[in-house]
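Since the structure comes first, as structure tokens, the remarks are kept for the end.
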Amino acid sequence: MARVTLSAQGAADPGTVWQRYADVDRWPSWSPQIKAVHCAGRRLSPGMSGTVESVVGIRAVFVVEAVDHDRRTWTWRVRLGRIRIRLHHEVRPQGPGSATSLTMYGPRLVLLAYAPLARLALHRLVRP
């Protein structure tokens, strides 16, 4: 299992960035690969599960493992067939804006293939 960490900084307030994570209906607004999130709840919570639908119609199953709204961190597991990835997200203040990081654990080739899309999403996430 490999580990890849990505990060981005931007002018958006950390509270705004966190709300973009916490409200799953907002994910398609900053993550260009996501078309929709299908799950019972609409706000991140531990144990939340469902599917993430990509813009090309691929659906990946997910389970949220942990959420800390005060520290602005969350972790989830995503599965697409036999491929399993664990993703840990953090948001923190950075100067007048915010910084976000994503640490991914999974098969190296899968992580490297996904990294450009994830990097783009992180940069969009921290935009004002």
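In the structure tokens, chains take letters A, B, ... by order of appearance, with residues numbered from 1 within each chain and ligands from 1 in the order shown.
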Near-Arg119 (chain A) list (8 Å; only C-alpha atoms; drop same-chain fewer than 2 positions) as JSON, numbers by chain: {"A": [6, 7, 8, 115, 116, 117, 121, 122, 123]}
Distance query Glu90 (chain A) at most 6 Å, only C-alpha atoms, self and fewer than 3 positions along chain excluded, as a PyMOL selection string: chain A and resi 72-73+100-101
Might you pull out every residue within 8 Å of region 104-108 of chain A, with only C-alpha atoms counted and same-chain residues fewer than 5 positions away left off, and present them as a compact mmCIF listing (two decimals) with N, CA and C atoms, in the first residue's frame?
```
# COMPACT_ATOMS: atom_id res chain seq x y z
N MET A 1 0.84 -1.18 0.00
CA MET A 1 0.00 0.00 0.00
C MET A 1 0.88 1.23 0.00
N ALA A 2 0.54 2.20 -0.86
CA ALA A 2 1.30 3.43 -0.99
C ALA A 2 0.57 4.58 -0.31
N ARG A 3 1.31 5.66 -0.10
CA ARG A 3 0.73 6.88 0.47
C ARG A 3 1.15 8.06 -0.39
N VAL A 4 0.16 8.93 -0.72
CA VAL A 4 0.42 10.14 -1.49
C VAL A 4 -0.28 11.28 -0.76
N THR A 5 0.44 12.39 -0.53
CA THR A 5 -0.15 13.56 0.10
C THR A 5 -0.11 14.74 -0.86
N ILE A 83 -10.69 -2.17 -6.05
CA ILE A 83 -9.80 -1.07 -5.66
C ILE A 83 -10.35 -0.40 -4.41
N ARG A 84 -9.48 -0.27 -3.41
CA ARG A 84 -9.85 0.37 -2.16
C ARG A 84 -8.85 1.48 -1.85
N ILE A 85 -9.39 2.65 -1.50
CA ILE A 85 -8.56 3.80 -1.16
C ILE A 85 -9.08 4.40 0.14
N ARG A 86 -8.16 4.83 0.98
CA ARG A 86 -8.51 5.56 2.20
C ARG A 86 -7.99 6.97 2.03
N LEU A 87 -8.85 7.96 2.31
CA LEU A 87 -8.50 9.36 2.11
C LEU A 87 -8.71 10.14 3.40
N HIS A 88 -7.71 10.92 3.78
CA HIS A 88 -7.79 11.76 4.98
C HIS A 88 -7.64 13.22 4.55
```
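Among the candidates A:Ala22, A:Ile58, A:Ala113, A:Ala99, the residue lying nearest to Asp70 (chain A) is A:Ala22 (atoms considered: only C-alpha atoms).
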Long-range neighbours of region 44-46 of chain A as a list in words, 12 Å cut-off, only C-alpha atoms, 5 positions minimum in chain: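 Residues meeting the cut-off are Trp18, Gln19, Arg20, Tyr21, Ala22, Asp23, Val24, Asp25, Arg26, Trp27, Val37, Cys39, Phe62, Val63, Val64, Glu65, Ala66, Val67, Asp68, His69, Arg72, Thr73, Trp74, Thr75, Trp76 and Arg77 of chain A.
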Filtered DSSP result for region 59-128 of chain A, state strand (DSSP E), as a PyMOL selection string: chain A and resi 59-68+73-80+83-94+97-106
Nearest to Pro32 (chain A) by atom-to-atom distance, counting only C-alpha atoms, from A:Leu112, A:Leu120, A:Val126, A:Val61: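 Of A:Leu112, A:Leu120, A:Val126, A:Val61, the one nearest Pro32 (chain A), counting only C-alpha atoms, is A:Leu120.
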Coordinates-based distance that separates CA of Arg82 (chain A) from CA of Ser31 (chain A) (Å, one decimal):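 Rounded to one decimal, the two atoms are 23.3 Å apart.
The interatomic distance for the pair CA of Gly10 (chain A) and CA of Ile34 (chain A) works out to 20.9 Å.
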Distance criterion (only C-alpha atoms): nearest to Arg79 (chain A) out of A:Thr103, A:Thr16, A:Ser98, A:Thr51: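 Of A:Thr103, A:Thr16, A:Ser98, A:Thr51, the one nearest Arg79 (chain A) is A:Thr51, counting only C-alpha atoms.
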Length of the CA of Gly50 (chain A) to CA of Arg124 (chain A) vector [Å]: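 Those two atoms sit 23.6 Å apart.
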Backbone-only DSSP, helix (DSSP H, G or I) members of chain A, as a ChimeraX atom specification: /A:14-22,24-30,108-125
